[in-house]
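Text of run.csv, listed as CSV, C-alpha atoms:
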```
chain,number,residue,atom,x,y,z
S,955,MET,CA,-6.8,-1.0,16.4
S,956,LEU,CA,-3.5,0.8,17.0
S,957,ARG,CA,-3.7,3.5,19.6
S,958,ILE,CA,-0.9,6.0,19.4
S,959,HIS,CA,-0.6,8.0,22.7
S,960,PHE,CA,0.8,11.6,22.4
S,961,THR,CA,2.2,13.9,25.0
S,962,SER,CA,2.4,17.7,24.6
S,963,ARG,CA,6.0,17.3,23.4
S,964,ASP,CA,5.0,14.7,20.8
S,965,LEU,CA,2.4,17.2,19.3
S,966,GLN,CA,5.4,19.5,18.7
S,967,HIS,CA,7.3,16.9,16.8
S,968,ILE,CA,5.2,15.5,14.0
S,969,TRP,CA,6.8,15.3,10.6
S,970,VAL,CA,5.4,14.3,7.2
S,971,ALA,CA,7.9,12.7,4.8
S,972,ARG,CA,8.1,15.0,1.8
S,973,ARG,CA,9.1,12.2,-0.7
S,974,PRO,CA,8.3,8.6,-1.2
S,975,HIS,CA,10.3,6.2,1.0
S,976,VAL,CA,11.7,3.7,-1.5
S,977,LEU,CA,12.0,0.7,0.8
S,978,TRP,CA,8.5,1.2,2.3
S,979,GLU,CA,7.1,1.4,-1.2
S,980,LEU,CA,9.1,-1.8,-2.1
S,981,VAL,CA,7.8,-3.7,0.9
S,982,CYS,CA,4.2,-2.6,0.4
S,983,GLY,CA,4.6,-3.3,-3.4
S,984,VAL,CA,5.7,-6.9,-2.7
S,985,CYS,CA,2.6,-7.3,-0.6
S,986,ARG,CA,0.3,-5.9,-3.4
S,987,LEU,CA,2.0,-8.1,-6.0
S,988,ASP,CA,1.0,-11.2,-4.1
S,989,ALA,CA,-2.5,-10.1,-3.3
S,990,ARG,CA,-5.6,-9.3,-5.4
S,991,GLN,CA,-6.2,-6.0,-3.7
S,992,GLY,CA,-6.9,-2.8,-5.5
S,993,ALA,CA,-7.9,-4.2,-9.0
S,994,LEU,CA,-8.3,-0.8,-10.5
S,995,GLU,CA,-5.4,0.9,-8.7
S,996,PHE,CA,-2.8,-1.9,-9.0
S,997,GLY,CA,-4.2,-4.3,-11.7
S,998,HIS,CA,-2.2,-2.8,-14.6
S,999,TRP,CA,0.9,-2.5,-12.5
S,1000,ARG,CA,0.7,-6.1,-11.4
S,1001,ARG,CA,0.2,-7.3,-15.0
S,1002,SER,CA,3.2,-5.3,-16.2
S,1003,VAL,CA,5.4,-6.4,-13.4
S,1004,ARG,CA,4.5,-10.1,-14.0
S,1005,GLU,CA,5.1,-9.8,-17.7
S,1006,GLY,CA,8.5,-8.2,-16.9
S,1007,LEU,CA,9.4,-11.0,-14.4
S,1008,ALA,CA,8.4,-13.6,-17.0
S,1009,GLU,CA,11.0,-12.2,-19.4
S,1010,ASP,CA,13.8,-11.5,-16.8
S,1011,PRO,CA,15.2,-14.5,-14.9
S,1012,ARG,CA,17.5,-12.1,-12.9
S,1013,ALA,CA,14.5,-10.1,-11.7
S,1014,ARG,CA,12.7,-13.3,-10.7
S,1015,ARG,CA,15.6,-14.5,-8.7
S,1016,ALA,CA,15.9,-11.2,-6.9
S,1017,LEU,CA,12.2,-11.1,-6.0
S,1018,SER,CA,12.1,-14.6,-4.5
S,1019,PRO,CA,14.0,-13.8,-1.2
S,1020,LEU,CA,11.9,-10.7,-0.7
S,1021,GLN,CA,8.7,-12.7,-1.0
S,1022,THR,CA,10.1,-15.0,1.7
S,1023,LEU,CA,10.7,-12.2,4.2
S,1024,ILE,CA,7.7,-10.0,3.2
S,1025,PRO,CA,4.4,-12.0,3.7
S,1026,SER,CA,1.3,-10.3,2.4
S,1027,VAL,CA,-0.2,-10.5,5.9
S,1028,GLY,CA,1.4,-10.7,9.3
S,1029,TYR,CA,4.7,-9.7,10.7
S,1030,ILE,CA,7.4,-8.1,8.4
S,1031,PRO,CA,10.9,-7.5,9.8
S,1032,ASP,CA,11.5,-3.9,10.6
S,1033,PHE,CA,15.1,-3.9,9.4
S,1034,LEU,CA,13.7,-3.9,5.8
S,1035,THR,CA,12.4,-0.3,6.2
S,1036,PRO,CA,15.1,1.7,8.0
S,1037,SER,CA,14.6,5.4,8.7
S,1038,VAL,CA,16.6,7.5,6.4
S,1039,PRO,CA,16.3,11.3,6.0
S,1040,ASP,CA,15.1,11.4,2.4
S,1041,GLY,CA,13.8,7.8,2.0
S,1042,GLY,CA,16.4,7.3,-0.8
S,1043,LEU,CA,17.4,3.8,-1.9
S,1044,ALA,CA,21.1,4.0,-1.6
S,1045,ALA,CA,21.0,5.3,2.0
S,1046,GLY,CA,18.3,2.8,2.8
S,1047,LEU,CA,20.4,-0.1,1.5
S,1048,ASP,CA,23.4,1.1,3.5
S,1049,GLU,CA,21.3,0.9,6.6
S,1050,VAL,CA,20.0,-2.6,5.8
S,1051,ARG,CA,23.6,-3.8,5.3
S,1052,ALA,CA,24.6,-2.2,8.6
S,1053,THR,CA,21.9,-4.0,10.6
S,1054,SER,CA,23.4,-5.6,13.7
S,1055,ARG,CA,23.5,-9.4,13.9
S,1056,THR,CA,21.6,-9.2,17.2
S,1057,ARG,CA,18.8,-7.4,15.6
S,1058,LEU,CA,18.7,-9.7,12.6
S,1059,THR,CA,18.5,-12.7,14.8
S,1060,ARG,CA,15.7,-11.2,16.9
S,1061,GLU,CA,13.6,-10.2,13.9
S,1062,LEU,CA,14.1,-13.3,11.8
S,1063,SER,CA,13.3,-15.5,14.8
S,1064,ARG,CA,10.0,-13.6,15.2
S,1065,LEU,CA,9.2,-14.1,11.5
S,1066,ALA,CA,10.0,-17.8,11.9
S,1067,GLU,CA,7.3,-18.1,14.6
S,1068,SER,CA,4.6,-17.3,12.0
S,1069,GLN,CA,6.0,-19.2,8.9
S,1070,PRO,CA,8.7,-21.7,8.0
S,1071,LEU,CA,11.8,-20.2,6.6
S,1072,PRO,CA,14.2,-21.7,4.1
S,1073,PRO,CA,17.9,-22.5,5.2
S,1074,TRP,CA,19.4,-19.5,3.4
S,1075,VAL,CA,17.6,-17.1,5.8
S,1076,SER,CA,19.9,-18.3,8.6
S,1077,THR,CA,23.0,-17.0,6.7
S,1078,LEU,CA,21.7,-13.4,7.0
S,1079,ASP,CA,22.8,-13.1,10.7
S,1080,ARG,CA,25.9,-15.3,10.4
S,1081,PRO,CA,29.2,-13.5,11.2
S,1082,GLY,CA,31.3,-13.2,8.1
S,1083,SER,CA,28.5,-14.3,5.8
S,1084,LYS,CA,27.8,-12.5,2.5
S,1085,GLY,CA,24.1,-13.3,2.8
S,1086,LEU,CA,23.0,-9.8,3.8
S,1087,VAL,CA,25.0,-8.3,1.0
S,1088,ALA,CA,23.3,-10.5,-1.5
S,1089,PHE,CA,19.9,-9.8,0.0
S,1090,THR,CA,20.4,-6.0,-0.3
S,1091,ARG,CA,21.4,-6.5,-3.9
S,1092,ALA,CA,18.1,-8.4,-4.4
S,1093,LEU,CA,16.3,-5.3,-2.8
S,1094,GLU,CA,18.0,-3.1,-5.3
S,1095,VAL,CA,17.1,-5.2,-8.3
S,1096,SER,CA,13.5,-5.6,-7.2
S,1097,ALA,CA,13.2,-1.8,-6.7
S,1098,GLU,CA,14.3,-1.4,-10.3
S,1099,THR,CA,11.6,-3.9,-11.4
S,1100,LEU,CA,8.7,-3.0,-9.3
S,1101,LEU,CA,9.1,0.7,-8.7
S,1102,GLU,CA,11.4,2.4,-11.2
S,1103,PRO,CA,9.0,2.4,-14.3
S,1104,TYR,CA,6.2,3.8,-12.1
S,1105,TRP,CA,8.2,6.2,-9.9
S,1106,PRO,CA,6.8,9.4,-11.6
S,1107,ARG,CA,3.3,8.3,-10.8
S,1108,ILE,CA,4.3,7.4,-7.2
S,1109,ARG,CA,6.1,10.7,-6.7
S,1110,THR,CA,3.2,12.7,-8.0
S,1111,ALA,CA,0.6,10.9,-5.8
S,1112,VAL,CA,2.8,11.4,-2.7
S,1113,GLY,CA,3.5,15.0,-3.6
S,1114,ASP,CA,-0.2,15.7,-3.8
S,1115,ASP,CA,-0.8,14.1,-0.4
S,1116,VAL,CA,2.0,16.1,1.2
S,1117,GLU,CA,0.5,19.3,-0.2
S,1118,LEU,CA,-2.8,18.4,1.3
S,1119,ARG,CA,-1.4,17.7,4.7
S,1120,SER,CA,0.8,20.8,4.7
S,1121,ARG,CA,-2.3,23.0,4.0
S,1122,ALA,CA,-4.1,21.4,6.9
S,1123,LEU,CA,-1.2,22.0,9.2
S,1124,LEU,CA,-0.9,25.6,8.2
S,1125,ASP,CA,-4.6,26.3,8.5
S,1126,GLY,CA,-5.4,24.4,11.7
S,1127,GLY,CA,-2.2,23.1,13.4
S,1128,THR,CA,-1.3,19.6,14.4
S,1129,SER,CA,-4.9,18.7,15.4
S,1130,ALA,CA,-6.1,19.5,11.9
S,1131,LEU,CA,-3.2,17.5,10.4
S,1132,LEU,CA,-4.1,14.4,12.4
S,1133,ASN,CA,-7.7,14.8,11.4
S,1134,THR,CA,-6.8,14.6,7.7
S,1135,LEU,CA,-5.9,10.9,8.3
S,1136,ARG,CA,-9.6,10.0,8.4
S,1137,PRO,CA,-11.0,7.4,7.6
S,1138,HIS,CA,-7.8,5.5,8.3
S,1139,ALA,CA,-7.3,7.0,11.7
S,1140,ARG,CA,-9.3,9.1,14.2
S,1141,TRP,CA,-7.8,11.8,16.4
S,1142,GLN,CA,-9.3,11.6,19.9
S,1143,ALA,CA,-6.8,13.8,21.8
S,1144,PRO,CA,-4.4,12.7,23.1
S,1145,VAL,CA,-4.8,9.4,21.2
S,1146,LEU,CA,-4.7,8.7,17.5
S,1147,GLU,CA,-6.8,5.6,16.9
S,1148,VAL,CA,-5.6,3.8,13.8
S,1149,ASP,CA,-7.4,1.1,11.8
S,1150,TYR,CA,-5.1,-1.8,12.3
S,1151,PRO,CA,-5.3,-5.6,12.1
S,1152,VAL,CA,-4.3,-6.2,15.7
S,1153,ASP,CA,-4.7,-4.4,19.0
S,1154,ARG,CA,-1.6,-2.4,19.9
S,1155,GLU,CA,-0.7,0.5,22.2
S,1156,LEU,CA,2.1,2.8,21.1
S,1157,HIS,CA,3.3,5.4,23.6
S,1158,LEU,CA,5.4,8.0,21.8
S,1159,GLU,CA,6.9,9.4,25.1
S,1160,GLY,CA,8.3,12.5,23.6
S,1161,ARG,CA,9.8,10.9,20.5
S,1162,GLY,CA,7.3,12.4,18.1
S,1163,LEU,CA,5.9,10.7,15.1
S,1164,LEU,CA,6.9,10.5,11.4
S,1165,LEU,CA,4.0,10.2,9.0
S,1166,VAL,CA,5.0,8.5,5.7
S,1167,PRO,CA,2.6,8.8,2.8
S,1168,SER,CA,2.8,5.6,0.6
S,1169,TYR,CA,1.4,4.8,-2.8
S,1170,PHE,CA,1.5,1.0,-2.4
S,1171,CYS,CA,0.2,1.0,1.2
S,1172,TRP,CA,-3.4,-0.2,0.9
S,1173,ARG,CA,-6.6,0.2,2.9
S,1174,ARG,CA,-5.1,0.7,6.3
S,1175,PRO,CA,-1.9,2.3,7.7
S,1176,THR,CA,1.1,0.2,8.9
S,1177,ALA,CA,3.8,0.8,11.5
S,1178,LEU,CA,7.0,-0.7,12.7
S,1179,ALA,CA,6.5,-3.7,14.9
S,1180,ASP,CA,9.2,-2.8,17.4
S,1181,PRO,CA,7.9,0.0,19.7
S,1182,THR,CA,11.5,0.9,20.7
S,1183,LEU,CA,12.3,2.1,17.2
S,1184,GLY,CA,11.6,5.7,16.0
S,1185,PRO,CA,7.8,5.9,15.7
S,1186,VAL,CA,6.6,5.8,12.1
S,1187,LEU,CA,3.1,5.6,10.7
S,1188,VAL,CA,2.8,4.7,7.0
S,1189,TYR,CA,-0.5,5.5,5.4
S,1190,PRO,CA,-2.1,5.1,2.0
S,1191,VAL,CA,-2.3,8.1,-0.3
S,1192,ALA,CA,-5.2,8.7,-2.7
S,1193,LYS,CA,-4.9,7.1,-6.1
S,1194,HIS,CA,-6.2,8.6,-9.3
S,1195,PRO,CA,-7.9,5.8,-11.3
S,1196,LEU,CA,-8.7,8.0,-14.4
S,1197,GLU,CA,-5.0,9.0,-14.7
S,1198,ILE,CA,-4.0,5.3,-14.4
S,1199,VAL,CA,-6.3,4.4,-17.2
S,1200,ARG,CA,-5.0,7.2,-19.4
S,1201,ALA,CA,-1.4,6.1,-18.8
S,1202,SER,CA,-2.3,2.5,-19.8
S,1203,ARG,CA,-1.8,1.4,-23.4
S,1204,ASP,CA,-3.7,-1.8,-22.9
S,1205,GLY,CA,-7.2,-0.4,-23.1
S,1206,LEU,CA,-10.0,-0.4,-20.6
S,1207,GLU,CA,-10.8,-4.1,-20.9
S,1208,ARG,CA,-7.2,-5.1,-20.2
S,1209,LEU,CA,-7.1,-2.8,-17.2
S,1210,LEU,CA,-10.5,-3.8,-15.6
S,1211,GLY,CA,-11.0,-7.2,-17.2
S,1212,ARG,CA,-13.7,-8.1,-19.6
S,1213,THR,CA,-16.4,-8.9,-17.1
S,1214,ARG,CA,-16.0,-5.7,-15.1
S,1215,THR,CA,-15.9,-3.7,-18.3
S,1216,VAL,CA,-19.2,-5.3,-19.4
S,1217,VAL,CA,-20.8,-4.6,-16.0
S,1218,LEU,CA,-19.6,-0.9,-16.0
S,1219,ALA,CA,-20.8,-0.3,-19.6
S,1220,HIS,CA,-24.2,-1.9,-18.8
S,1221,LEU,CA,-24.7,0.4,-15.8
S,1222,ALA,CA,-23.6,3.4,-17.9
S,1223,ASP,CA,-26.1,2.5,-20.7
S,1224,HIS,CA,-29.1,1.5,-18.6
S,1225,GLY,CA,-28.9,3.4,-15.3
S,1226,ALA,CA,-29.5,1.9,-11.9
S,1227,ARG,CA,-29.8,-1.9,-11.9
S,1228,THR,CA,-30.1,-4.5,-9.3
S,1229,THR,CA,-27.5,-7.2,-8.7
S,1230,SER,CA,-29.7,-9.8,-10.4
S,1231,GLU,CA,-30.2,-7.6,-13.5
S,1232,VAL,CA,-26.5,-7.1,-13.7
S,1233,ALA,CA,-25.8,-10.8,-13.4
S,1234,ALA,CA,-28.3,-11.5,-16.2
S,1235,ALA,CA,-26.9,-8.8,-18.5
S,1236,ALA,CA,-23.3,-9.9,-18.0
S,1237,ASP,CA,-24.3,-13.6,-18.1
S,1238,ILE,CA,-22.6,-14.4,-14.8
S,1239,ALA,CA,-23.8,-16.0,-11.6
S,1240,LEU,CA,-25.2,-13.8,-8.8
S,1241,PRO,CA,-22.2,-14.3,-6.4
S,1242,GLY,CA,-19.9,-13.4,-9.3
S,1243,ALA,CA,-21.9,-10.2,-10.0
S,1244,SER,CA,-21.7,-9.2,-6.4
S,1245,TYR,CA,-18.0,-9.7,-6.4
S,1246,GLN,CA,-17.5,-7.6,-9.6
S,1247,LEU,CA,-19.7,-4.9,-8.4
S,1248,GLY,CA,-17.8,-4.8,-5.1
S,1249,ILE,CA,-14.5,-4.2,-7.0
S,1250,LEU,CA,-16.0,-1.5,-9.1
S,1251,ARG,CA,-17.5,0.2,-6.1
S,1252,GLU,CA,-14.2,0.0,-4.3
S,1253,GLY,CA,-12.6,1.8,-7.2
S,1254,GLY,CA,-15.2,4.6,-7.1
S,1255,LEU,CA,-16.6,3.6,-10.5
S,1256,ILE,CA,-20.1,2.7,-9.3
S,1257,ALA,CA,-22.3,3.6,-6.4
S,1258,SER,CA,-24.8,1.4,-4.7
S,1259,ARG,CA,-27.9,2.3,-2.7
S,1260,ARG,CA,-30.7,0.4,-1.1
S,1261,GLU,CA,-34.2,0.8,-2.3
S,1262,GLY,CA,-36.6,-1.3,-0.2
S,1263,GLN,CA,-35.5,-4.9,-0.5
S,1264,TYR,CA,-33.2,-4.2,-3.4
S,1265,VAL,CA,-29.8,-2.7,-3.8
S,1266,ARG,CA,-29.4,-0.7,-7.0
S,1267,HIS,CA,-26.1,0.1,-8.7
S,1268,SER,CA,-25.2,2.9,-11.0
S,1269,ALA,CA,-22.1,4.3,-12.7
S,1270,THR,CA,-20.5,7.3,-11.0
S,1271,THR,CA,-19.2,10.3,-12.8
S,1272,LEU,CA,-15.7,8.8,-12.6
S,1273,GLY,CA,-17.0,5.6,-14.2
S,1274,LEU,CA,-18.7,7.5,-17.0
S,1275,ARG,CA,-15.6,9.6,-17.7
S,1276,LEU,CA,-13.5,6.5,-17.8
S,1277,LEU,CA,-15.7,4.9,-20.4
S,1278,ASP,CA,-15.7,8.1,-22.4
S,1279,GLU,CA,-11.9,8.1,-22.5
S,1280,HIS,CA,-12.1,4.8,-24.4
```
Rewrite the structure of this file - the entire thing - as structure tokens.
Amino acid sequence: MLRIHFTSRDLQHIWVARRPHVLWELVCGVCRLDARQGALEFGHWRRSVREGLAEDPRARRALSPLQTLIPSVGYIPDFLTPSVPDGGLAAGLDEVRATSRTRLTRELSRLAESQPLPPWVSTLDRPGSKGLVAFTRALEVSAETLLEPYWPRIRTAVGDDVELRSRALLDGGTSALLNTLRPHARWQAPVLEVDYPVDRELHLEGRGLLLVPSYFCWRRPTALADPTLGPVLVYPVAKHPLEIVRASRDGLERLLGRTRTVVLAHLADHGARTTSEVAAAADIALPGASYQLGILREGGLIASRREGQYVRHSATTLGLRLLDEH
């Protein structure tokens, strides 16, 4: 858990970024590309990106160094996500290029403690080296590949979230705003308790807090590792699975996968079913059925409830609407 400690001054200095932060989206996007998280929300995006990478050697070369410095779990260097007023790519890349050698050495050394790094990484903090310039070019190319085709969707989702937070702030003040971060965080004045993979204490000490809504942030918020930097909390925005499906030209089966489509259709046709009944209908093993049901439940397409010794699963309204669209 991350515990963010506020003073009265901090409560007067809480900001919500009004636009997506391109470099935060890129860093979180690289993490989502390498993981199997969010099958419904990111499955189509992952397939499209991978197809594009297969056809574009330049894009593959650009992504490789990013995957080295951006592990899907664990420490990620803070210099990759500098604070810029509008979160724009050009300003962000300028800040990355201007990172001091001292800071680069410190953060890359910390990364090296958790994973082996290839020799080229040592050129990033070498005086007179063009390594950092080449790396920022890789960031730019990867943003074009991973983000640019999907930017309207990202911008819309973030815009919807900002509107929600703004209404809460106008209606109930900063306390109401912080309470909108549930279930990812809980406001227990004067501490914001955030779902986080490690235990940390962050004392704002009058610096305030910047809230950054992110499309590719997943499951739990993230923050800068260095407590001396300007405090930032990046949190996931709500996704809209039905709109994602409508935007897809690949069909429901390509988006969800054949097995999950069969499972969802079976529940829609037959009502509540146990895991064993689903496994038999889809001709898959019981553990496989549990896994597929879990993904569908995570995406809001089915609901599960316990009845005595059994757990029964049924399609939600969203799941039924999704099937009706196809």
Neighbours of Ala1088 of chain S within 10 Å (all atoms listed in the file; same-chain residues fewer than 4 positions away dropped), as a PDB file with C-alpha atoms, keeping the file's coordinate frame?
```pdb
ATOM      1  CA  ALA S1016      15.900 -11.200  -6.900  1.00  0.00           C
ATOM      2  CA  PRO S1019      14.000 -13.800  -1.200  1.00  0.00           C
ATOM      3  CA  ARG S1051      23.600  -3.800   5.300  1.00  0.00           C
ATOM      4  CA  LEU S1078      21.700 -13.400   7.000  1.00  0.00           C
ATOM      5  CA  SER S1083      28.500 -14.300   5.800  1.00  0.00           C
ATOM      6  CA  LYS S1084      27.800 -12.500   2.500  1.00  0.00           C
ATOM      7  CA  ALA S1092      18.100  -8.400  -4.400  1.00  0.00           C
ATOM      8  CA  LEU S1093      16.300  -5.300  -2.800  1.00  0.00           C
ATOM      9  CA  GLU S1094      18.000  -3.100  -5.300  1.00  0.00           C
TER      10      GLU S1094
END
```
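Comparing the minimum interatomic distances between Phe1033 of chain S and each of S:Arg1266, S:Arg1136, S:His967, S:Arg1055, counting only C-alpha atoms, we find that S:Arg1055 sits nearest.
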Residues at most 12 Å from Val1038 of chain S, counting all atoms listed in the file, excluding those fewer than 3 positions away in the same chain, as a CSV table (one decimal) with C-alpha atoms, in the frame of the given file?
```csv
chain,number,residue,atom,x,y,z
S,971,ALA,CA,7.9,12.7,4.8
S,973,ARG,CA,9.1,12.2,-0.7
S,974,PRO,CA,8.3,8.6,-1.2
S,975,HIS,CA,10.3,6.2,1.0
S,976,VAL,CA,11.7,3.7,-1.5
S,977,LEU,CA,12.0,0.7,0.8
S,978,TRP,CA,8.5,1.2,2.3
S,1033,PHE,CA,15.1,-3.9,9.4
S,1034,LEU,CA,13.7,-3.9,5.8
S,1035,THR,CA,12.4,-0.3,6.2
S,1041,GLY,CA,13.8,7.8,2.0
S,1042,GLY,CA,16.4,7.3,-0.8
S,1043,LEU,CA,17.4,3.8,-1.9
S,1044,ALA,CA,21.1,4.0,-1.6
S,1045,ALA,CA,21.0,5.3,2.0
S,1046,GLY,CA,18.3,2.8,2.8
S,1047,LEU,CA,20.4,-0.1,1.5
S,1048,ASP,CA,23.4,1.1,3.5
S,1049,GLU,CA,21.3,0.9,6.6
S,1050,VAL,CA,20.0,-2.6,5.8
S,1164,LEU,CA,6.9,10.5,11.4
S,1166,VAL,CA,5.0,8.5,5.7
S,1184,GLY,CA,11.6,5.7,16.0
S,1186,VAL,CA,6.6,5.8,12.1
```
Which of these, S:Arg1109, S:Arg1001, S:Arg986, S:Arg1012, has the shortest distance to Arg972 of chain S once you count all atoms listed in the file?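 Counting all atoms listed in the file, the residue closest to Arg972 of chain S is S:Arg1109.
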Could you pull the residues within 12 Å of Pro1103 of chain S, counting only C-alpha atoms, minus those fewer than 3 positions along the same chain, as a PyMOL selection string? chain S and resi 999+1002-1003+1006+1096-1100+1106-1109+1201
Work out how far atom CA of Arg1140 of chain S is from atom CA of Gly1028 of chain S, in Å to one decimal. 23.0 Å
Identify which of the residues S:Ala1066, S:Glu1061, S:Ile1238, S:Leu1255 lies closest to Arg1212 of chain S, counting all atoms listed in the file when measuring atom-to-atom distances.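 Going through S:Ala1066, S:Glu1061, S:Ile1238, S:Leu1255 one by one, the smallest distance to Arg1212 of chain S is for S:Ile1238.
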For Trp1172 of chain S, list every protein, DNA or RNA residue within 7 Å, evaluated using all atoms listed in the file, and leave out those in the same chain fewer than 2 positions away; present the list as a list of chain:residue names.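 With the cut-off at 7 Å, the set is S:Phe1170, S:Arg1174, S:Pro1190.
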Give me, please, the distance in Å between atom CA of Pro1167 of chain S and atom CA of Glu979 of chain S, quoted to one decimal.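 The value is 9.5 Å.
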Just give me the gap between atom CA of Leu1178 of chain S and atom CA of Leu1156 of chain S in Å, one decimal is fine. 10.3 Å
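You can rank S:Ile1256, S:Arg1060, S:Ile958, S:Leu1240 by their closest distance to Leu1132 of chain S using only C-alpha atoms, and at the top of that list sits S:Ile958.
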Selection near Pro1031 of chain S, 9 Å with all atoms listed in the file, sequence-local residues under 5 positions removed, as a PyMOL selection string: chain S and resi 1023-1024+1058+1061-1062+1064-1065+1178-1179
Using only C-alpha atoms, which of the listed residues (S:Leu1135, S:Val1095, S:Ala1052, S:Ala1233) sits closest to Thr1213 of chain S?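 Ranking S:Leu1135, S:Val1095, S:Ala1052, S:Ala1233 by distance to Thr1213 of chain S, first place goes to S:Ala1233.
Close to (-8.9, 8.8, 22.1), meaning no more than 12 Å away when counting all atoms listed in the file, sit the residues Met955, Leu956, Arg957, Ile958, His959, Phe960, Ala1139, Arg1140, Trp1141, Gln1142, Ala1143, Pro1144, Val1145, Leu1146, Glu1147, Val1148 and Glu1155 of chain S.
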Selected residue, from S:Gly1211, S:Pro1241, S:Pro1181, S:Gly1160, that lies nearest to Arg963 of chain S when counting only C-alpha atoms: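 With only C-alpha atoms as the atom set, the closest residue is S:Gly1160.
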Identify the residues within 12 Å of coordinate (-24.6, 8.9, -4.0) (same frame as the file), considering only C-alpha atoms, and give the answer as a JSON list (two decimals) with C-alpha atoms, in the coordinates of the input.
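In the end it all went to part-v2.json:
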```json
[["chain", "number", "residue", "atom", "x", "y", "z"],
["S", 1226, "ALA", "CA", -29.50, 1.90, -11.90],
["S", 1251, "ARG", "CA", -17.50, 0.20, -6.10],
["S", 1254, "GLY", "CA", -15.20, 4.60, -7.10],
["S", 1255, "LEU", "CA", -16.60, 3.60, -10.50],
["S", 1256, "ILE", "CA", -20.10, 2.70, -9.30],
["S", 1257, "ALA", "CA", -22.30, 3.60, -6.40],
["S", 1258, "SER", "CA", -24.80, 1.40, -4.70],
["S", 1259, "ARG", "CA", -27.90, 2.30, -2.70],
["S", 1260, "ARG", "CA", -30.70, 0.40, -1.10],
["S", 1266, "ARG", "CA", -29.40, -0.70, -7.00],
["S", 1267, "HIS", "CA", -26.10, 0.10, -8.70],
["S", 1268, "SER", "CA", -25.20, 2.90, -11.00],
["S", 1269, "ALA", "CA", -22.10, 4.30, -12.70],
["S", 1270, "THR", "CA", -20.50, 7.30, -11.00],
["S", 1271, "THR", "CA", -19.20, 10.30, -12.80]]
```
